[in-house]
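**Q** Got a file for you: query20.cif, mmCIF, C-alpha atoms.
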```
data_run
loop_
_atom_site.label_atom_id
_atom_site.label_comp_id
_atom_site.auth_asym_id
_atom_site.auth_seq_id
_atom_site.Cartn_x
_atom_site.Cartn_y
_atom_site.Cartn_z
CA MET E 236 0.00 0.00 0.00
CA ALA E 237 2.96 2.29 -0.50
CA ASP E 238 1.15 4.12 -3.33
CA GLY E 239 -1.75 5.00 -1.07
CA LYS E 240 -4.15 2.56 -2.74
CA VAL E 241 -5.73 -0.57 -1.34
CA SER E 242 -6.40 -3.96 -2.89
CA GLU E 243 -9.81 -4.97 -4.24
CA SER E 244 -10.31 -7.22 -1.23
CA ASP E 245 -9.47 -4.38 1.16
CA ALA E 246 -11.74 -2.05 -0.79
CA VAL E 247 -14.73 -4.35 -0.30
CA ASN E 248 -13.85 -4.81 3.37
CA ARG E 249 -13.76 -1.05 3.91
CA LEU E 250 -16.95 -0.49 1.97
CA ILE E 251 -18.75 -2.90 4.27
CA ASP E 252 -17.06 -1.57 7.43
CA ILE E 253 -17.87 2.06 6.68
CA ILE E 254 -21.46 1.51 5.58
CA GLU E 255 -22.17 -0.76 8.54
CA SER E 256 -20.75 1.71 11.05
CA HIS E 257 -22.37 4.83 9.56
CA ASN E 258 -25.22 3.83 7.31
CA SER E 259 -26.65 0.52 8.52
CA ALA E 260 -29.51 0.25 10.94
CA GLU E 261 -31.92 -2.34 12.15
CA ASP E 262 -35.50 -1.61 13.12
CA ASP E 263 -36.20 -3.37 16.41
CA SER E 264 -39.91 -2.60 16.36
CA SER E 265 -42.55 -5.03 15.18
CA GLU E 266 -43.61 -2.65 12.39
CA SER E 267 -40.61 -3.22 10.15
CA SER E 268 -41.68 -4.56 6.75
CA GLY E 269 -38.24 -5.21 5.29
CA ALA E 270 -39.23 -3.30 2.12
CA PRO E 271 -37.60 -0.12 0.78
CA TYR E 272 -39.27 3.14 1.75
CA PRO E 273 -41.70 4.39 -0.91
CA GLN E 274 -40.58 7.85 -2.00
CA ASP E 275 -44.14 9.18 -2.08
CA LEU E 276 -44.84 8.47 1.59
CA ARG E 277 -44.12 10.66 4.58
CA SER E 278 -40.55 10.30 5.73
CA VAL E 279 -39.98 7.56 8.28
CA LEU E 280 -37.71 10.02 10.11
CA VAL E 281 -40.84 12.01 10.90
CA THR E 282 -43.35 9.23 11.46
CA SER E 283 -41.16 6.95 13.57
CA VAL E 284 -37.51 7.75 14.20
CA LEU E 285 -38.05 11.30 15.49
CA ASN E 286 -41.57 10.77 16.80
CA LEU E 287 -41.99 11.23 20.57
CA GLU E 288 -44.79 10.30 22.93
CA GLN E 289 -45.70 12.97 25.48
CA LEU E 290 -45.97 11.55 29.01
CA ASP E 291 -46.37 14.79 30.93
CA ILE E 292 -45.51 18.48 30.61
CA ASP E 293 -41.94 18.64 29.26
CA LEU E 294 -41.51 14.87 29.52
CA TYR E 295 -41.39 12.68 26.40
CA ARG E 296 -40.55 9.12 25.44
CA GLY E 297 -38.90 7.78 22.30
CA THR E 298 -39.44 4.10 21.59
CA HIS E 299 -38.55 3.58 17.93
CA HIS E 300 -34.79 3.06 17.59
CA TRP E 301 -32.58 2.62 14.57
CA VAL E 302 -29.68 0.56 15.84
CA PRO E 303 -26.32 0.52 14.00
CA ARG E 304 -24.37 -2.72 14.00
CA THR E 305 -22.31 -1.35 16.86
CA ARG E 306 -25.45 -2.31 18.85
CA ARG E 307 -25.50 1.14 20.42
CA LEU E 308 -28.11 3.77 19.71
CA PHE E 309 -27.25 6.06 16.80
CA GLY E 310 -26.17 9.39 18.28
CA GLY E 311 -27.88 11.38 15.55
CA GLN E 312 -31.24 9.97 16.56
CA ILE E 313 -30.78 10.95 20.21
CA ILE E 314 -29.70 14.46 19.16
CA GLY E 315 -32.68 14.76 16.83
CA GLN E 316 -35.16 13.52 19.42
CA ALA E 317 -33.72 15.84 22.08
CA LEU E 318 -34.23 18.78 19.72
CA VAL E 319 -37.79 17.61 19.00
CA ALA E 320 -38.51 17.62 22.76
CA ALA E 321 -36.98 21.08 23.19
CA ALA E 322 -38.87 22.51 20.22
CA LYS E 323 -42.20 21.34 21.63
CA SER E 324 -41.75 23.71 24.58
CA VAL E 325 -41.29 26.94 22.58
CA SER E 326 -43.71 29.04 20.55
CA ASP E 327 -44.15 28.66 16.80
CA ASP E 328 -42.37 31.93 16.00
CA LEU E 329 -39.10 30.71 17.53
CA TYR E 330 -36.60 28.69 15.47
CA ALA E 331 -33.61 26.64 16.58
CA HIS E 332 -30.34 28.37 15.85
CA SER E 333 -27.92 26.21 17.86
CA LEU E 334 -27.57 23.10 19.97
CA HIS E 335 -24.74 21.73 22.11
CA CYS E 336 -24.76 18.12 23.24
CA TYR E 337 -22.59 15.85 25.37
CA PHE E 338 -22.80 12.09 25.05
CA VAL E 339 -22.21 10.77 28.55
CA ARG E 340 -23.23 7.09 28.26
CA ALA E 341 -23.86 4.59 25.50
CA GLY E 342 -27.53 4.15 24.69
CA ASP E 343 -29.33 0.85 25.25
CA PRO E 344 -31.38 -0.07 22.16
CA LYS E 345 -33.58 -2.42 24.16
CA VAL E 346 -35.35 0.22 26.27
CA PRO E 347 -37.12 3.53 25.52
CA VAL E 348 -35.40 6.89 26.01
CA LEU E 349 -37.00 9.53 28.23
CA TYR E 350 -36.49 13.20 27.37
CA GLN E 351 -36.82 15.66 30.23
CA VAL E 352 -37.00 19.33 29.21
CA ASP E 353 -35.96 22.18 31.49
CA ARG E 354 -37.19 25.65 30.48
CA THR E 355 -33.91 27.37 31.25
CA ARG E 356 -34.71 30.83 29.92
CA ASP E 357 -37.43 32.66 28.03
CA GLY E 358 -36.12 35.93 26.62
CA ARG E 359 -37.50 38.47 24.18
CA SER E 360 -35.22 37.34 21.33
CA PHE E 361 -33.61 34.11 22.53
CA THR E 362 -35.02 31.14 24.42
CA VAL E 363 -32.92 28.34 25.91
CA ARG E 364 -33.94 24.79 26.72
CA SER E 365 -31.96 22.05 28.47
CA VAL E 366 -32.79 18.42 27.71
CA LYS E 367 -31.68 15.23 29.40
CA ALA E 368 -32.02 11.95 27.53
CA ILE E 369 -32.42 9.29 30.22
CA GLN E 370 -32.19 5.50 30.32
CA HIS E 371 -32.06 3.26 33.40
CA GLY E 372 -32.41 6.39 35.56
CA GLN E 373 -29.19 7.98 34.21
CA PRO E 374 -28.57 10.55 31.48
CA ILE E 375 -27.08 9.27 28.23
CA LEU E 376 -27.07 12.70 26.58
CA ILE E 377 -27.23 16.27 27.85
CA CYS E 378 -28.36 18.86 25.32
CA GLN E 379 -28.83 22.61 25.37
CA ALA E 380 -30.76 24.15 22.50
CA SER E 381 -31.26 27.84 21.79
CA PHE E 382 -34.14 29.29 19.78
CA GLN E 383 -34.38 32.75 18.23
CA LEU E 384 -37.09 35.09 17.04
CA LEU E 385 -36.10 35.78 13.44
CA GLN E 386 -34.47 39.19 13.10
CA PRO E 387 -33.21 40.88 9.88
CA SER E 388 -29.64 42.20 9.81
CA PRO E 389 -27.43 44.00 7.25
CA LEU E 390 -24.54 41.72 8.31
CA GLN E 391 -24.62 38.73 5.99
CA HIS E 392 -21.75 36.66 4.59
CA GLN E 393 -20.68 33.04 4.17
CA PHE E 394 -17.95 30.90 2.65
CA PRO E 395 -18.52 29.83 -0.97
CA MET E 396 -20.02 26.40 -1.54
CA PRO E 397 -17.62 23.79 -2.98
CA VAL E 398 -17.98 23.12 -6.70
CA VAL E 399 -19.06 19.49 -7.07
CA PRO E 400 -21.14 17.36 -9.46
CA GLN E 401 -24.89 17.55 -8.97
CA PRO E 402 -26.60 14.63 -7.21
CA GLU E 403 -28.32 13.52 -10.44
CA ASP E 404 -24.88 12.78 -11.88
CA LEU E 405 -23.72 10.62 -8.97
CA PRO E 406 -24.53 7.05 -7.88
CA THR E 407 -26.28 6.23 -4.64
CA VAL E 408 -24.66 3.99 -2.03
CA GLU E 409 -26.94 1.20 -3.20
CA GLU E 410 -25.79 1.62 -6.81
CA ILE E 411 -22.15 1.56 -5.69
CA ILE E 412 -22.78 -1.74 -3.89
CA GLN E 413 -24.45 -3.15 -7.02
CA ARG E 414 -21.33 -2.28 -9.02
CA TYR E 415 -19.19 -4.27 -6.61
CA LEU E 416 -21.64 -7.18 -6.81
CA SER E 417 -21.29 -7.22 -10.60
CA LYS E 418 -17.56 -7.99 -10.40
CA PRO E 419 -17.01 -11.60 -11.53
CA ASP E 420 -14.10 -12.29 -9.18
CA LEU E 421 -15.90 -11.22 -5.99
CA THR E 422 -15.69 -13.83 -3.24
CA GLU E 423 -18.85 -15.48 -1.95
CA SER E 424 -18.37 -14.02 1.53
CA ALA E 425 -18.02 -10.54 0.01
CA LYS E 426 -21.26 -11.05 -1.93
CA GLN E 427 -23.05 -12.08 1.26
CA GLY E 428 -21.76 -9.04 3.12
CA LEU E 429 -22.79 -6.63 0.35
CA ASN E 430 -26.20 -8.22 -0.12
CA LYS E 431 -26.78 -7.88 3.60
CA LEU E 432 -26.11 -4.15 3.30
CA LEU E 433 -28.57 -3.85 0.42
CA ALA E 434 -31.26 -5.55 2.50
CA THR E 435 -30.83 -3.07 5.35
CA GLU E 436 -33.24 -0.15 5.45
CA VAL E 437 -31.91 3.30 6.30
CA PRO E 438 -33.86 6.56 6.50
CA ILE E 439 -31.21 8.64 4.68
CA GLU E 440 -30.25 8.60 1.01
CA VAL E 441 -26.57 9.31 0.28
CA LYS E 442 -24.57 10.04 -2.89
CA PRO E 443 -20.79 10.33 -2.33
CA VAL E 444 -19.04 12.94 -4.50
CA SER E 445 -15.92 10.75 -4.66
CA PRO E 446 -16.76 7.14 -3.71
CA ALA E 447 -13.08 6.07 -3.68
CA GLN E 448 -12.26 8.74 -1.10
CA PHE E 449 -15.51 8.34 0.81
CA TYR E 450 -14.85 4.65 1.37
CA ARG E 451 -11.11 5.10 2.02
CA HIS E 452 -10.05 3.17 -1.07
CA VAL E 453 -7.32 5.80 -1.49
CA SER E 454 -5.57 7.84 1.17
CA GLY E 455 -5.98 11.59 1.15
CA GLN E 456 -6.78 14.67 3.14
CA PRO E 457 -9.28 14.37 6.00
CA ARG E 458 -12.12 15.79 3.89
CA ARG E 459 -15.08 14.27 2.08
CA LEU E 460 -18.26 15.48 0.49
CA PHE E 461 -21.56 13.77 -0.17
CA TRP E 462 -25.12 14.68 -1.01
CA ALA E 463 -27.71 13.60 1.55
CA ARG E 464 -31.43 13.86 2.09
CA ALA E 465 -34.11 12.20 4.19
CA ARG E 466 -36.02 9.47 2.39
CA GLY E 467 -39.68 10.17 1.83
CA HIS E 468 -41.67 13.41 1.97
CA ILE E 469 -41.57 15.99 4.75
CA GLY E 470 -42.77 19.10 2.93
CA GLU E 471 -42.53 22.82 3.54
CA GLY E 472 -43.62 24.99 6.42
CA ASN E 473 -42.16 23.24 9.46
CA MET E 474 -38.62 24.54 9.89
CA LYS E 475 -38.39 23.12 13.40
CA LEU E 476 -38.92 19.64 12.02
CA HIS E 477 -36.38 20.14 9.23
CA CYS E 478 -33.81 21.22 11.83
CA CYS E 479 -34.48 18.05 13.84
CA VAL E 480 -34.01 15.90 10.74
CA ALA E 481 -30.81 17.79 9.84
CA ALA E 482 -29.52 17.15 13.36
CA TYR E 483 -30.08 13.44 12.72
CA VAL E 484 -28.28 13.62 9.36
CA SER E 485 -25.38 15.64 10.77
CA ASP E 486 -24.03 12.69 12.75
CA PHE E 487 -23.77 10.51 9.66
CA ALA E 488 -20.16 9.72 8.63
CA LEU E 489 -18.85 12.88 10.29
CA LEU E 490 -16.42 11.40 12.80
CA GLY E 491 -15.14 8.87 10.27
CA THR E 492 -13.60 11.76 8.32
CA VAL E 493 -10.76 11.70 10.85
CA LEU E 494 -9.60 8.31 9.50
CA LEU E 495 -9.26 9.32 5.84
CA PRO E 496 -5.46 10.02 5.91
CA TYR E 497 -4.73 6.65 7.53
CA PRO E 498 -5.42 3.77 5.09
CA LYS E 499 -3.30 1.36 7.13
CA TYR E 500 -5.62 1.63 10.14
CA LYS E 501 -9.25 0.81 10.79
CA ALA E 502 -11.47 1.79 13.69
CA ARG E 503 -11.44 -0.59 16.65
CA PHE E 504 -13.69 1.62 18.78
CA THR E 505 -15.38 4.96 18.09
CA ALA E 506 -17.72 7.02 20.25
CA SER E 507 -18.96 10.59 20.00
CA LEU E 508 -18.09 12.80 22.95
CA ASP E 509 -19.89 16.00 22.05
CA HIS E 510 -21.76 17.50 19.13
CA ALA E 511 -22.59 21.13 18.34
CA MET E 512 -24.71 22.50 15.54
CA TRP E 513 -25.70 25.93 14.24
CA PHE E 514 -28.61 26.59 11.88
CA HIS E 515 -28.11 29.53 9.52
CA SER E 516 -30.83 29.54 6.86
CA THR E 517 -34.10 27.86 6.01
CA PHE E 518 -33.85 24.56 4.14
CA ARG E 519 -35.67 21.33 3.44
CA SER E 520 -34.05 18.17 4.76
CA ASP E 521 -36.00 16.01 2.29
CA GLU E 522 -34.22 17.76 -0.59
CA TRP E 523 -30.59 17.17 -1.58
CA MET E 524 -28.05 19.02 0.54
CA LEU E 525 -24.28 18.81 0.19
CA TYR E 526 -22.54 17.70 3.37
CA GLU E 527 -18.93 18.92 3.48
CA CYS E 528 -16.92 17.21 6.23
CA ASP E 529 -13.32 17.80 7.29
CA SER E 530 -11.09 17.13 10.27
CA PRO E 531 -8.67 19.87 11.39
CA TRP E 532 -7.09 17.83 14.20
CA ALA E 533 -6.56 14.37 15.70
CA GLY E 534 -4.52 13.21 18.68
CA SER E 535 -4.68 11.53 22.11
CA SER E 536 -7.10 8.91 20.70
CA ARG E 537 -9.54 11.72 19.89
CA GLY E 538 -10.49 13.43 16.67
CA LEU E 539 -12.27 16.65 15.78
CA ALA E 540 -14.55 16.81 12.75
CA GLN E 541 -16.46 19.73 11.29
CA GLY E 542 -19.33 19.75 8.83
CA ARG E 543 -21.24 22.20 6.66
CA LEU E 544 -24.62 21.49 5.10
CA TRP E 545 -25.22 23.39 1.86
CA ARG E 546 -28.44 23.94 -0.03
CA ARG E 547 -28.29 23.24 -3.75
CA ASP E 548 -28.51 26.97 -4.50
CA GLY E 549 -25.23 27.60 -2.62
CA VAL E 550 -26.71 28.86 0.65
CA LEU E 551 -25.02 27.59 3.83
CA ALA E 552 -27.84 25.94 5.76
CA ALA E 553 -26.06 24.65 8.88
CA SER E 554 -22.64 24.02 10.45
CA CYS E 555 -21.59 21.46 13.04
CA SER E 556 -18.60 20.20 15.02
CA GLN E 557 -18.03 16.89 16.75
CA GLU E 558 -15.27 15.40 18.83
CA GLY E 559 -15.04 11.70 19.47
CA VAL E 560 -12.90 8.85 20.71
CA LEU E 561 -11.12 6.89 17.96
CA ARG E 562 -9.10 3.83 18.87
CA VAL E 563 -7.64 2.07 15.86
CA LYS E 564 -5.89 -1.13 14.85
CA PRO E 565 -3.73 -1.94 11.83
CA VAL E 566 -5.41 -3.25 8.70
CA PRO E 567 -4.00 -6.75 8.05
CA GLU E 568 -1.99 -7.04 4.85
CA ASN E 569 -3.92 -8.85 2.11
CA SER E 570 -6.99 -9.02 4.32
CA LYS E 571 -9.83 -11.13 2.99
CA LEU E 572 -13.51 -11.34 3.80
#
```
Let me see the file written as structure tokens.
**A**
Amino acid sequence: MADGKVSESDAVNRLIDIIESHNSAEDDSSESSGAPYPQDLRSVLVTSVLNLEQLDIDLYRGTHHWVPRTRRLFGGQIIGQALVAAAKSVSDDLYAHSLHCYFVRAGDPKVPVLYQVDRTRDGRSFTVRSVKAIQHGQPILICQASFQLLQPSPLQHQFPMPVVPQPEDLPTVEEIIQRYLSKPDLTESAKQGLNKLLATEVPIEVKPVSPAQFYRHVSGQPRRLFWARARGHIGEGNMKLHCCVAAYVSDFALLGTVLLPYPKYKARFTASLDHAMWFHSTFRSDEWMLYECDSPWAGSSRGLAQGRLWRRDGVLAASCSQEGVLRVKPVPENSKL
């Protein structure tokens, strides 16, 4: 691997590893049909994944979990549900502009999550809510969310959006897997692994700008870009809901950006420590947005990743930062599935 490339066998291994850790999920409810989501139906992120049951004033319960193969709850879902709970306690003219979360314990996919909202402050322009996500009587996530009454300002600027191919010109993750499956020399175990990925339902559709870089088939800078959107229909008019869905999407593949310069290592253990997000402009999370991810720093078994969500028209919709634990192990030479 001196030239920075990996073998075909390693490429398939990494494709499966990355998709399983970031893009695979299992529905542990009895309502799972095993069929792909129809594109004309309301997004499952709205109807199930981010849907909360109100138990009392400022107390909610989430029962529908999408569980990655790490067997821990997906952090993006807990962030999204915490923001849903916070948003339910503010008036309709207030919109989320930031959230700051700490992951303090791994989530248990076998039990519901309780969300306890504290009305920290109600101001004239800004309102703050604190949310605890609780399992087994202990917090698994602590979140503070701030909401703002929209105010015009002559101060407006942003970075330029990266120039990339449009999503219509790029393959989906599923199409990339099908290309691998069409290779005549693919081992039977590789076929089984890839077919298992195809059979797994996920509520997000993804189109990598550079699949070889996205799946670490080549080494490079700690930066990757991909188009993403929620599957199904959400519609206009509910910016609070679109922010909650974007918070879910923001945790997808972000921390893995730290590993891109290191093709000789694979993740042995990863866990998010904290996650912050800022919402800048209106957007629709069921329409394609470009997710630009990069990592400015790694060390001490931790890594920092930053992300920017762009609307197709070049408007910066949201920014986020995440730090996490990354413990790695060497990739075996000539590894095989």
**Q** What gap, in Å, lies between CA of Lys323 in chain E and CA of Leu489 in chain E?
**A**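 Spanning CA of Lys323 in chain E to CA of Leu489 in chain E is a straight-line distance of 27.3 Å.
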**Q** Given the PyMOL selection byres ((chain E and resi 513) around 9) and the file above, list the residues it selects as a list in words.
**A** Ala331, His332, Ser333, Leu334, His335, Ala511, Met512, Phe514, His515, Ala552, Ala553, Ser554 and Cys555 of chain E
**Q** Could you work out how far CA of Glu440 in chain E lies from CA of His510 in chain E, giving the answer in Å with one decimal?
**A** 21.9 Å
**Q** Can you tell me, as number ranges by chain, what residues are no more than 8 Å from range 368-373 of chain E when counting all atoms listed in the file, ignoring any on the same chain fewer than 6 positions away?
**A** E: 313, 317, 342-343, 346-351
**Q** With the PyMOL selection byres ((chain E and resi 277-286) around 7) as the selection, what would be picked from this file? Answer as a PDB file with C-alpha atoms, keeping the file's coordinate frame, please.
**A**
```pdb
ATOM      1  CA  ASP E 275     -44.140   9.180  -2.080  1.00  0.00           C
ATOM      2  CA  LEU E 276     -44.840   8.470   1.590  1.00  0.00           C
ATOM      3  CA  LEU E 287     -41.990  11.230  20.570  1.00  0.00           C
ATOM      4  CA  GLU E 288     -44.790  10.300  22.930  1.00  0.00           C
ATOM      5  CA  GLY E 297     -38.900   7.780  22.300  1.00  0.00           C
ATOM      6  CA  HIS E 299     -38.550   3.580  17.930  1.00  0.00           C
ATOM      7  CA  HIS E 300     -34.790   3.060  17.590  1.00  0.00           C
ATOM      8  CA  GLY E 315     -32.680  14.760  16.830  1.00  0.00           C
ATOM      9  CA  GLN E 316     -35.160  13.520  19.420  1.00  0.00           C
ATOM     10  CA  PRO E 438     -33.860   6.560   6.500  1.00  0.00           C
ATOM     11  CA  ALA E 465     -34.110  12.200   4.190  1.00  0.00           C
ATOM     12  CA  ARG E 466     -36.020   9.470   2.390  1.00  0.00           C
ATOM     13  CA  GLY E 467     -39.680  10.170   1.830  1.00  0.00           C
ATOM     14  CA  HIS E 468     -41.670  13.410   1.970  1.00  0.00           C
ATOM     15  CA  ILE E 469     -41.570  15.990   4.750  1.00  0.00           C
ATOM     16  CA  VAL E 480     -34.010  15.900  10.740  1.00  0.00           C
TER      17      VAL E 480
END
```
**Q** Return the single residue from E:Leu329, E:Ile375, E:Ser388, E:Glu423 that is closest to Arg359 in chain E, with distances computed using only C-alpha atoms.
**A**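 The answer is E:Leu329, which sits nearest to Arg359 in chain E.
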**Q** Report as a PDB file with C-alpha atoms, in the frame of the given file the full result of the PyMOL selection byres ((chain E and resi 556) around 12) when it is applied to this structure.
**A**
```
ATOM      1  CA  SER E 333     -27.920  26.210  17.860  1.00  0.00           C
ATOM      2  CA  LEU E 334     -27.570  23.100  19.970  1.00  0.00           C
ATOM      3  CA  HIS E 335     -24.740  21.730  22.110  1.00  0.00           C
ATOM      4  CA  CYS E 336     -24.760  18.120  23.240  1.00  0.00           C
ATOM      5  CA  TYR E 337     -22.590  15.850  25.370  1.00  0.00           C
ATOM      6  CA  ALA E 482     -29.520  17.150  13.360  1.00  0.00           C
ATOM      7  CA  SER E 485     -25.380  15.640  10.770  1.00  0.00           C
ATOM      8  CA  ASP E 486     -24.030  12.690  12.750  1.00  0.00           C
ATOM      9  CA  LEU E 489     -18.850  12.880  10.290  1.00  0.00           C
ATOM     10  CA  LEU E 490     -16.420  11.400  12.800  1.00  0.00           C
ATOM     11  CA  THR E 492     -13.600  11.760   8.320  1.00  0.00           C
ATOM     12  CA  SER E 507     -18.960  10.590  20.000  1.00  0.00           C
ATOM     13  CA  LEU E 508     -18.090  12.800  22.950  1.00  0.00           C
ATOM     14  CA  ASP E 509     -19.890  16.000  22.050  1.00  0.00           C
ATOM     15  CA  HIS E 510     -21.760  17.500  19.130  1.00  0.00           C
ATOM     16  CA  ALA E 511     -22.590  21.130  18.340  1.00  0.00           C
ATOM     17  CA  MET E 512     -24.710  22.500  15.540  1.00  0.00           C
ATOM     18  CA  TRP E 513     -25.700  25.930  14.240  1.00  0.00           C
ATOM     19  CA  GLU E 527     -18.930  18.920   3.480  1.00  0.00           C
ATOM     20  CA  CYS E 528     -16.920  17.210   6.230  1.00  0.00           C
ATOM     21  CA  ASP E 529     -13.320  17.800   7.290  1.00  0.00           C
ATOM     22  CA  SER E 530     -11.090  17.130  10.270  1.00  0.00           C
ATOM     23  CA  PRO E 531      -8.670  19.870  11.390  1.00  0.00           C
ATOM     24  CA  TRP E 532      -7.090  17.830  14.200  1.00  0.00           C
ATOM     25  CA  GLY E 538     -10.490  13.430  16.670  1.00  0.00           C
ATOM     26  CA  LEU E 539     -12.270  16.650  15.780  1.00  0.00           C
ATOM     27  CA  ALA E 540     -14.550  16.810  12.750  1.00  0.00           C
ATOM     28  CA  GLN E 541     -16.460  19.730  11.290  1.00  0.00           C
ATOM     29  CA  GLY E 542     -19.330  19.750   8.830  1.00  0.00           C
ATOM     30  CA  ARG E 543     -21.240  22.200   6.660  1.00  0.00           C
ATOM     31  CA  LEU E 544     -24.620  21.490   5.100  1.00  0.00           C
ATOM     32  CA  ALA E 553     -26.060  24.650   8.880  1.00  0.00           C
ATOM     33  CA  SER E 554     -22.640  24.020  10.450  1.00  0.00           C
ATOM     34  CA  CYS E 555     -21.590  21.460  13.040  1.00  0.00           C
ATOM     35  CA  GLN E 557     -18.030  16.890  16.750  1.00  0.00           C
ATOM     36  CA  GLU E 558     -15.270  15.400  18.830  1.00  0.00           C
ATOM     37  CA  GLY E 559     -15.040  11.700  19.470  1.00  0.00           C
TER      38      GLY E 559
END
```
**Q** What does the structure give for the distance between CA of Gln391 in chain E and CA of Gly549 in chain E, in Å to one decimal?
**A**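 Interatomic distance, CA of Gln391 in chain E to CA of Gly549 in chain E: 14.1 Å.
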**Q** Restricting the calculation to only C-alpha atoms, which member of E:Leu551, E:Leu416, E:Val352, E:Leu476 is positioned closest to Phe394 in chain E?
**A**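 Of all the options, E:Leu551 lies closest to Phe394 in chain E.
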**Q** What's around Met524 in chain E at 8 Å? Count all atoms listed in the file, leave out sequence neighbours fewer than 2 positions away in its own chain, and write the answer as a PDB file with C-alpha atoms, keeping the file's coordinate frame.
**A**
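Final file, out-v7.pdb:
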```pdb
ATOM      1  CA  TRP E 462     -25.120  14.680  -1.010  1.00  0.00           C
ATOM      2  CA  ALA E 463     -27.710  13.600   1.550  1.00  0.00           C
ATOM      3  CA  ARG E 464     -31.430  13.860   2.090  1.00  0.00           C
ATOM      4  CA  SER E 520     -34.050  18.170   4.760  1.00  0.00           C
ATOM      5  CA  GLU E 522     -34.220  17.760  -0.590  1.00  0.00           C
ATOM      6  CA  TYR E 526     -22.540  17.700   3.370  1.00  0.00           C
ATOM      7  CA  LEU E 544     -24.620  21.490   5.100  1.00  0.00           C
ATOM      8  CA  TRP E 545     -25.220  23.390   1.860  1.00  0.00           C
ATOM      9  CA  ARG E 546     -28.440  23.940  -0.030  1.00  0.00           C
ATOM     10  CA  ARG E 547     -28.290  23.240  -3.750  1.00  0.00           C
TER      11      ARG E 547
END
```
**Q** Ser445 in chain E: which residues within 9 Å, counting only C-alpha atoms, same-chain residues fewer than 2 positions away excluded, as a ChimeraX atom specification?
**A** /E:405,442-443,447-450,459-461
**Q** Which residue out of E:Phe361, E:Tyr330, E:Phe382, E:Tyr415 has the minimum interatomic distance to His477 in chain E when only C-alpha atoms are used?
**A** E:Tyr330
**Q** Using only C-alpha atoms for the distances, tell me which of E:Ile377, E:Val363, E:Ala341, E:Leu385 is nearest to Ser324 in chain E.
**A**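 Residue with the minimum atom-to-atom distance to Ser324 in chain E: E:Val363.
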**Q** I'd like the neighbourhood of Cys479 in chain E as a list in words, where a residue qualifies if any of its atoms comes within 7 Å (using only C-alpha atoms), though same-chain residues fewer than 4 positions away should be ignored.
**A**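 Contacts, with the query itself left out: Gly315, Leu318, Val319, Lys475 and Tyr483 of chain E.
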**Q** Between E:Thr505, E:Ser365, E:Gln401, E:Asn473, which has the minimum distance to Arg519 in chain E (counting all atoms listed in the file)?
**A**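 Closest candidate: E:Asn473.
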**Q** From the options E:Val566, E:Ala488, E:Leu308, E:Met396, which residue's atoms come nearest to Arg340 in chain E, counting all atoms listed in the file?
**A**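 Residue with the minimum atom-to-atom distance to Arg340 in chain E: E:Leu308.
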